[in-house]
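A short write-up of the structure that comes next.
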Amino acid sequence: MDHQDALVLDPTGARRPEEELTLHAADGPVLVDILGERAWAVADQGLLTALLTDDRVSKDPRQHWPRFIDGEIVGKWPLYLQVAVNNMFTAYGDDHRRLRRLVAPAFSARRTARLMPSIVRNTELLLDVIADREEETIDLREAFAAHLPVRAISDLLGIPARMRLGFRTTIDSIWNTTSSPEDAVRSTHDVYRMLHELVSLKRAQPADDLTSVLIAARDDEGDGSALTEEELIDTLLLVVAAGYETTINLLDSAICALLTRPEQLDRVLTGQADWSDVVEETLRYAAPVSHLPMRYAVEDIALPKGAVIRKGDAILASYGAASNNPRTHGDSAGAFDLTRADKRHVAFGHGVHFCLGAPLARAEASVALSRLFERFPRMRLAVPEADLLPLPSIMGNGHQTLPVVLAEGRS
């Protein structure tokens, strides 16, 4: 990989706006340092979607990242877990198709529709709880935005109530890129311990949930060829980690954008825009995942204007910067505008690794946001927007807290 100076990505997330400006200004991939590893960050939406559908780009470090193969990553890089998991997130070619085929039915339109009544019910229950505190300052990220996705994914996987807080706390730690190496190791150990406990529980007591379906796919195949035990555990980890954090950040960012732009909130409350507009514009304007490590060049990839990504180089999909890039959305790319005709984004990825949970996340967010603002139309931020602290993460894009005053609620 080229030894030119790299843009060092801030693990605290505090410099994300300036980093995105740098990525937007570049005429091609930008060499970045992500917690000590070099990668080509791609923030041009057209180039990124082309690479994400190119067979010369892999997500499997075991086959295609020399630094992983040579042992330079193991135990040394804070994001090791993100690239070392053995599931469809890191699979390539036939392995990816096999794993995706096993998981896809859990996110079918039929199963998503079956989850909606519980999502509506959980939304109303959470709103009832916070309604009793309408004169207080409430951290809406914790009290609402976080609880709803955790309940939805827990219902999908069949996670017992007693285990849900443990999963939530551990996943938050995994997304935190300021964690010490010791904390990262501890979080990894904790999440795998809980996943093995969940699998043991569901083997003993199967139910109508995704965990039981995957266990059946694993155990009913005589030689275990459908799904290895490691793939089973890591697939559950993928669903938990992606399902929690991304939807939490989507709700957080949407609420913040509407509360700080009253003219946009008025548009949706008066019917000039609908809640799907809110969801899509939030995904474009503030993608829940800013950067997602990693992908790797299977061979040299020649790019326009003479640039080349060399075989074995790591590629960083910069979903946030690509989604709000002025090259796609013009001079207004940095504005949150519900009436924008073109809301194209890559917040859920693109190509064969497009997020299976996207329909569920969209439906969940539309229900949650519509019910929240119907219930509390006079809600306001309790602090200036500039005082909101970003998540301590290179990957996740949201706020540490979202303090609001509900003001005058109505049933």
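Letters A, B, ... go to the chains of the structure tokens in the order shown; residues in each chain start at 1; ligands are counted from 1 in the same order.
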
*asked:* According to DSSP computed on the backbone, where in region 111-348 of chain A is there helix (DSSP H, G or I)? Give the residues as a PyMOL selection string.
replied: chain A and resi 111-131+140-157+161-175+181-204+210-219+229-259+262-269+275-285+304-306+319-323+326-332

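The residue set within 7 Å of Val83 (chain A), counting only C-alpha atoms and dropping same-chain residues fewer than 3 places from it, reads Pro61, Tyr80, Thr90, Pro293 and Met294 of chain A.
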
Selection from above, N, CA and C atoms, as an mmCIF file, in the first residue's frame, can you write it?
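Saved as result.cif:
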```
data_model
loop_
_atom_site.group_PDB
_atom_site.id
_atom_site.type_symbol
_atom_site.label_atom_id
_atom_site.label_comp_id
_atom_site.auth_asym_id
_atom_site.auth_seq_id
_atom_site.Cartn_x
_atom_site.Cartn_y
_atom_site.Cartn_z
ATOM 1 N N PRO A 61 -11.102 -11.782 5.050
ATOM 2 C CA PRO A 61 -9.688 -11.513 5.318
ATOM 3 C C PRO A 61 -8.843 -12.784 5.312
ATOM 4 N N TYR A 80 -10.390 -6.080 15.476
ATOM 5 C CA TYR A 80 -10.186 -7.454 15.020
ATOM 6 C C TYR A 80 -11.498 -8.219 14.915
ATOM 7 N N THR A 90 -18.531 -11.446 6.521
ATOM 8 C CA THR A 90 -17.157 -11.541 6.022
ATOM 9 C C THR A 90 -16.993 -12.592 4.924
ATOM 10 N N PRO A 293 -15.530 -1.424 8.336
ATOM 11 C CA PRO A 293 -14.345 -2.205 7.935
ATOM 12 C C PRO A 293 -14.710 -3.673 7.754
ATOM 13 N N MET A 294 -13.983 -4.336 6.886
ATOM 14 C CA MET A 294 -13.160 -3.909 5.785
ATOM 15 C C MET A 294 -13.546 -4.727 4.562
#
```

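For region 144-369 of chain A, the set of residues given strand (DSSP E or B) by DSSP on the backbone reads Val289, Leu292, Pro293, Met294, Arg295, Tyr296, Ala297, Ile301, Ala302, Val308, Ile309, Ala314, Ile315, Leu316 and Ala317 of chain A.
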
Can you write out as a Markdown table which residues of region 110-215 of chain A fall within 12 Å of region 249-258 of chain A, alongside each residue's closest atom pair and its distance in Å to one decimal, counting only C-alpha atoms and ordering rows by chain and ascending residue number?
```
| residue | atom | partner | partner_atom | distance |
| --- | --- | --- | --- | --- |
| A:Asp139 | CA | A:Asp252 | CA | 10.4 |
| A:Leu140 | CA | A:Asp252 | CA | 7.9 |
| A:Arg141 | CA | A:Asp252 | CA | 5.9 |
| A:Glu142 | CA | A:Asp252 | CA | 9.5 |
| A:Ala143 | CA | A:Asp252 | CA | 11.0 |
| A:Phe144 | CA | A:Leu251 | CA | 8.9 |
| A:Ala145 | CA | A:Leu251 | CA | 5.7 |
| A:Ala146 | CA | A:Asn249 | CA | 8.4 |
| A:His147 | CA | A:Leu251 | CA | 11.0 |
| A:Leu148 | CA | A:Leu251 | CA | 9.7 |
| A:Pro149 | CA | A:Leu251 | CA | 9.5 |
| A:Asp172 | CA | A:Asn249 | CA | 11.6 |
| A:Trp175 | CA | A:Asn249 | CA | 11.8 |
```

_Can you pull out the residues contacting Phe89 (chain A)? Cut-off 12 Å, using only C-alpha atoms, and skip same-chain residues under 5 positions away; I want them as a PyMOL selection string._
chain A and resi 58-61+81-84+95-97+99-100+103+231+234-239+241-242+292-295+349+352-356

Write the residues of the preceding selection, restricted to N, CA, C and O atoms, as a short mmCIF file (atom, residue, chain, number, x, y, z; two decimals), in the first residue's frame.
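Final output, out-v2.cif:
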```
data_model
loop_
_atom_site.label_atom_id
_atom_site.label_comp_id
_atom_site.auth_asym_id
_atom_site.auth_seq_id
_atom_site.Cartn_x
_atom_site.Cartn_y
_atom_site.Cartn_z
N SER A 58 -13.42 -8.41 -2.00
CA SER A 58 -13.84 -9.46 -1.08
C SER A 58 -14.02 -8.90 0.33
O SER A 58 -13.44 -7.86 0.67
N LYS A 59 -14.80 -9.61 1.16
CA LYS A 59 -14.89 -9.28 2.58
C LYS A 59 -14.23 -10.35 3.44
O LYS A 59 -14.32 -10.30 4.67
N ASP A 60 -13.55 -11.29 2.83
CA ASP A 60 -12.97 -12.41 3.57
C ASP A 60 -11.47 -12.17 3.82
O ASP A 60 -10.65 -12.35 2.92
N PRO A 61 -11.10 -11.78 5.05
CA PRO A 61 -9.69 -11.51 5.32
C PRO A 61 -8.84 -12.78 5.31
O PRO A 61 -7.64 -12.73 5.07
N LEU A 81 -12.36 -8.09 15.92
CA LEU A 81 -13.63 -8.82 15.90
C LEU A 81 -14.47 -8.45 14.69
O LEU A 81 -15.16 -9.31 14.13
N GLN A 82 -14.40 -7.18 14.26
CA GLN A 82 -15.22 -6.73 13.13
C GLN A 82 -14.88 -7.46 11.84
O GLN A 82 -15.74 -7.64 10.97
N VAL A 83 -13.62 -7.87 11.69
CA VAL A 83 -13.22 -8.51 10.44
C VAL A 83 -13.03 -10.02 10.59
O VAL A 83 -12.99 -10.74 9.58
N ALA A 84 -12.90 -10.51 11.84
CA ALA A 84 -12.57 -11.92 12.04
C ALA A 84 -13.78 -12.81 12.18
O ALA A 84 -13.64 -14.04 12.13
N ASP A 95 -19.57 -19.19 -0.26
CA ASP A 95 -19.83 -19.21 1.18
C ASP A 95 -20.84 -18.13 1.56
O ASP A 95 -21.74 -18.35 2.37
N HIS A 96 -20.69 -16.95 0.95
CA HIS A 96 -21.63 -15.87 1.26
C HIS A 96 -23.04 -16.24 0.79
O HIS A 96 -24.02 -16.02 1.51
N ARG A 97 -23.15 -16.78 -0.41
CA ARG A 97 -24.47 -17.15 -0.92
C ARG A 97 -25.12 -18.21 -0.04
O ARG A 97 -26.33 -18.15 0.22
N LEU A 99 -24.61 -18.78 3.24
CA LEU A 99 -24.99 -18.22 4.54
C LEU A 99 -26.17 -17.25 4.40
O LEU A 99 -27.07 -17.24 5.24
N ARG A 100 -26.17 -16.45 3.36
CA ARG A 100 -27.26 -15.50 3.17
C ARG A 100 -28.58 -16.23 2.91
O ARG A 100 -29.64 -15.82 3.39
N VAL A 103 -30.14 -17.25 6.21
CA VAL A 103 -30.62 -16.18 7.08
C VAL A 103 -31.77 -15.40 6.45
O VAL A 103 -32.66 -14.90 7.15
N GLU A 231 -20.13 -20.56 12.52
CA GLU A 231 -20.97 -19.71 11.68
C GLU A 231 -22.31 -19.41 12.34
O GLU A 231 -22.83 -18.31 12.22
N ASP A 234 -21.59 -16.77 15.07
CA ASP A 234 -21.21 -15.47 14.50
C ASP A 234 -22.34 -14.84 13.69
O ASP A 234 -22.42 -13.62 13.56
N THR A 235 -23.24 -15.66 13.15
CA THR A 235 -24.41 -15.11 12.47
C THR A 235 -25.34 -14.45 13.47
O THR A 235 -25.88 -13.35 13.22
N LEU A 236 -25.52 -15.07 14.61
CA LEU A 236 -26.33 -14.45 15.68
C LEU A 236 -25.68 -13.15 16.14
O LEU A 236 -26.38 -12.15 16.37
N LEU A 237 -24.36 -13.13 16.26
CA LEU A 237 -23.65 -11.91 16.65
C LEU A 237 -23.91 -10.81 15.63
O LEU A 237 -24.14 -9.64 16.00
N LEU A 238 -23.87 -11.14 14.35
CA LEU A 238 -24.11 -10.15 13.31
C LEU A 238 -25.49 -9.54 13.43
O LEU A 238 -25.66 -8.31 13.36
N VAL A 239 -26.51 -10.37 13.64
CA VAL A 239 -27.88 -9.87 13.73
C VAL A 239 -28.04 -8.95 14.95
O VAL A 239 -28.66 -7.89 14.88
N ALA A 241 -25.57 -7.29 16.69
CA ALA A 241 -24.73 -6.08 16.61
C ALA A 241 -25.27 -5.10 15.58
O ALA A 241 -25.32 -3.89 15.84
N ALA A 242 -25.67 -5.59 14.42
CA ALA A 242 -26.18 -4.70 13.38
C ALA A 242 -27.58 -4.23 13.70
O ALA A 242 -27.93 -3.06 13.47
N LEU A 292 -17.46 1.19 7.56
CA LEU A 292 -17.62 -0.23 7.90
C LEU A 292 -16.41 -1.02 7.41
O LEU A 292 -16.26 -1.26 6.22
N PRO A 293 -15.53 -1.42 8.34
CA PRO A 293 -14.34 -2.21 7.94
C PRO A 293 -14.71 -3.67 7.75
O PRO A 293 -15.60 -4.17 8.45
N MET A 294 -13.98 -4.34 6.89
CA MET A 294 -13.16 -3.91 5.79
C MET A 294 -13.55 -4.73 4.56
O MET A 294 -14.25 -5.72 4.66
N ARG A 295 -13.02 -4.32 3.41
CA ARG A 295 -13.03 -5.13 2.21
C ARG A 295 -11.62 -5.16 1.67
O ARG A 295 -10.78 -4.37 2.07
N GLY A 349 -25.68 -0.33 2.75
CA GLY A 349 -24.77 -1.06 1.90
C GLY A 349 -25.29 -1.13 0.47
O GLY A 349 -26.22 -0.41 0.07
N VAL A 352 -24.33 -7.57 -3.03
CA VAL A 352 -24.67 -8.85 -2.40
C VAL A 352 -24.68 -8.75 -0.88
O VAL A 352 -25.30 -9.58 -0.20
N HIS A 353 -24.00 -7.75 -0.32
CA HIS A 353 -23.99 -7.59 1.14
C HIS A 353 -24.99 -6.55 1.61
O HIS A 353 -24.92 -6.11 2.77
N PHE A 354 -25.94 -6.17 0.76
CA PHE A 354 -26.98 -5.22 1.20
C PHE A 354 -27.67 -5.77 2.43
O PHE A 354 -27.98 -6.96 2.52
N CYS A 355 -27.93 -4.90 3.39
CA CYS A 355 -28.46 -5.31 4.70
C CYS A 355 -29.81 -6.01 4.58
O CYS A 355 -30.78 -5.41 4.11
N LEU A 356 -29.88 -7.25 5.05
CA LEU A 356 -31.14 -7.99 5.02
C LEU A 356 -32.19 -7.35 5.92
O LEU A 356 -33.39 -7.48 5.69
#
```

Contacts of region 44-91 of chain A with region 329-334 of chain A up to 12 Å, shortest pair per row, only C-alpha atoms, as a Markdown table:
```
| residue | atom | partner | partner_atom | distance |
| --- | --- | --- | --- | --- |
| A:Asp44 | CA | A:His329 | CA | 11.1 |
| A:Gln45 | CA | A:His329 | CA | 10.0 |
| A:Gly46 | CA | A:His329 | CA | 11.7 |
```

*Excluding same-chain residues fewer than 4 positions from Ser393 (chain A), what lies within 7 Å of it counting only C-alpha atoms, as a list in words?*
Pro11, Thr12, Gly13, Trp175, Asn176, Thr177 and Thr178 of chain A

*Hey, which of A:Ala104, A:Leu156, A:Leu52, A:Leu23 ends up closest to Tyr92 (chain A)? Count only C-alpha atoms.*
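Closest residue, counting only C-alpha atoms: A:Leu52.
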
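Distances from A:Gly398, A:Pro66, A:Gly158, A:Gly312 to Glu299 (chain A) were compared using only C-alpha atoms, and the smallest one belongs to A:Gly312.
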
*If we count only C-alpha atoms, what is near Pro262 (chain A) at a cut-off of 12 Å, once residues fewer than 6 positions away on the same chain are taken out, given as number ranges by chain?*
A: 255-256, 268-270, 336-338, 377-381

_Non-local contacts of region 209-217 of chain A (9 Å; only C-alpha atoms; under 5 positions in same chain excluded) as a PyMOL selection string_ = chain A and resi 102-103+106+155-159+198-199+202-203+224+226-227+229+232+235-236

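CA of Ser200 (chain A) to CA of Ile119 (chain A) spans 26.7 Å [interatomic distance, one decimal].
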
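Comparing A:Met395, A:Asp33, A:Thr339, A:Phe167 by their smallest distance to Ala317 (chain A), the closest is A:Met395 (using only C-alpha atoms).
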
*Selected residue, from A:Leu259, A:Leu389, A:Ala131, A:Ile315, that lies nearest to Ala41 (chain A) when counting only C-alpha atoms*: A:Ile315
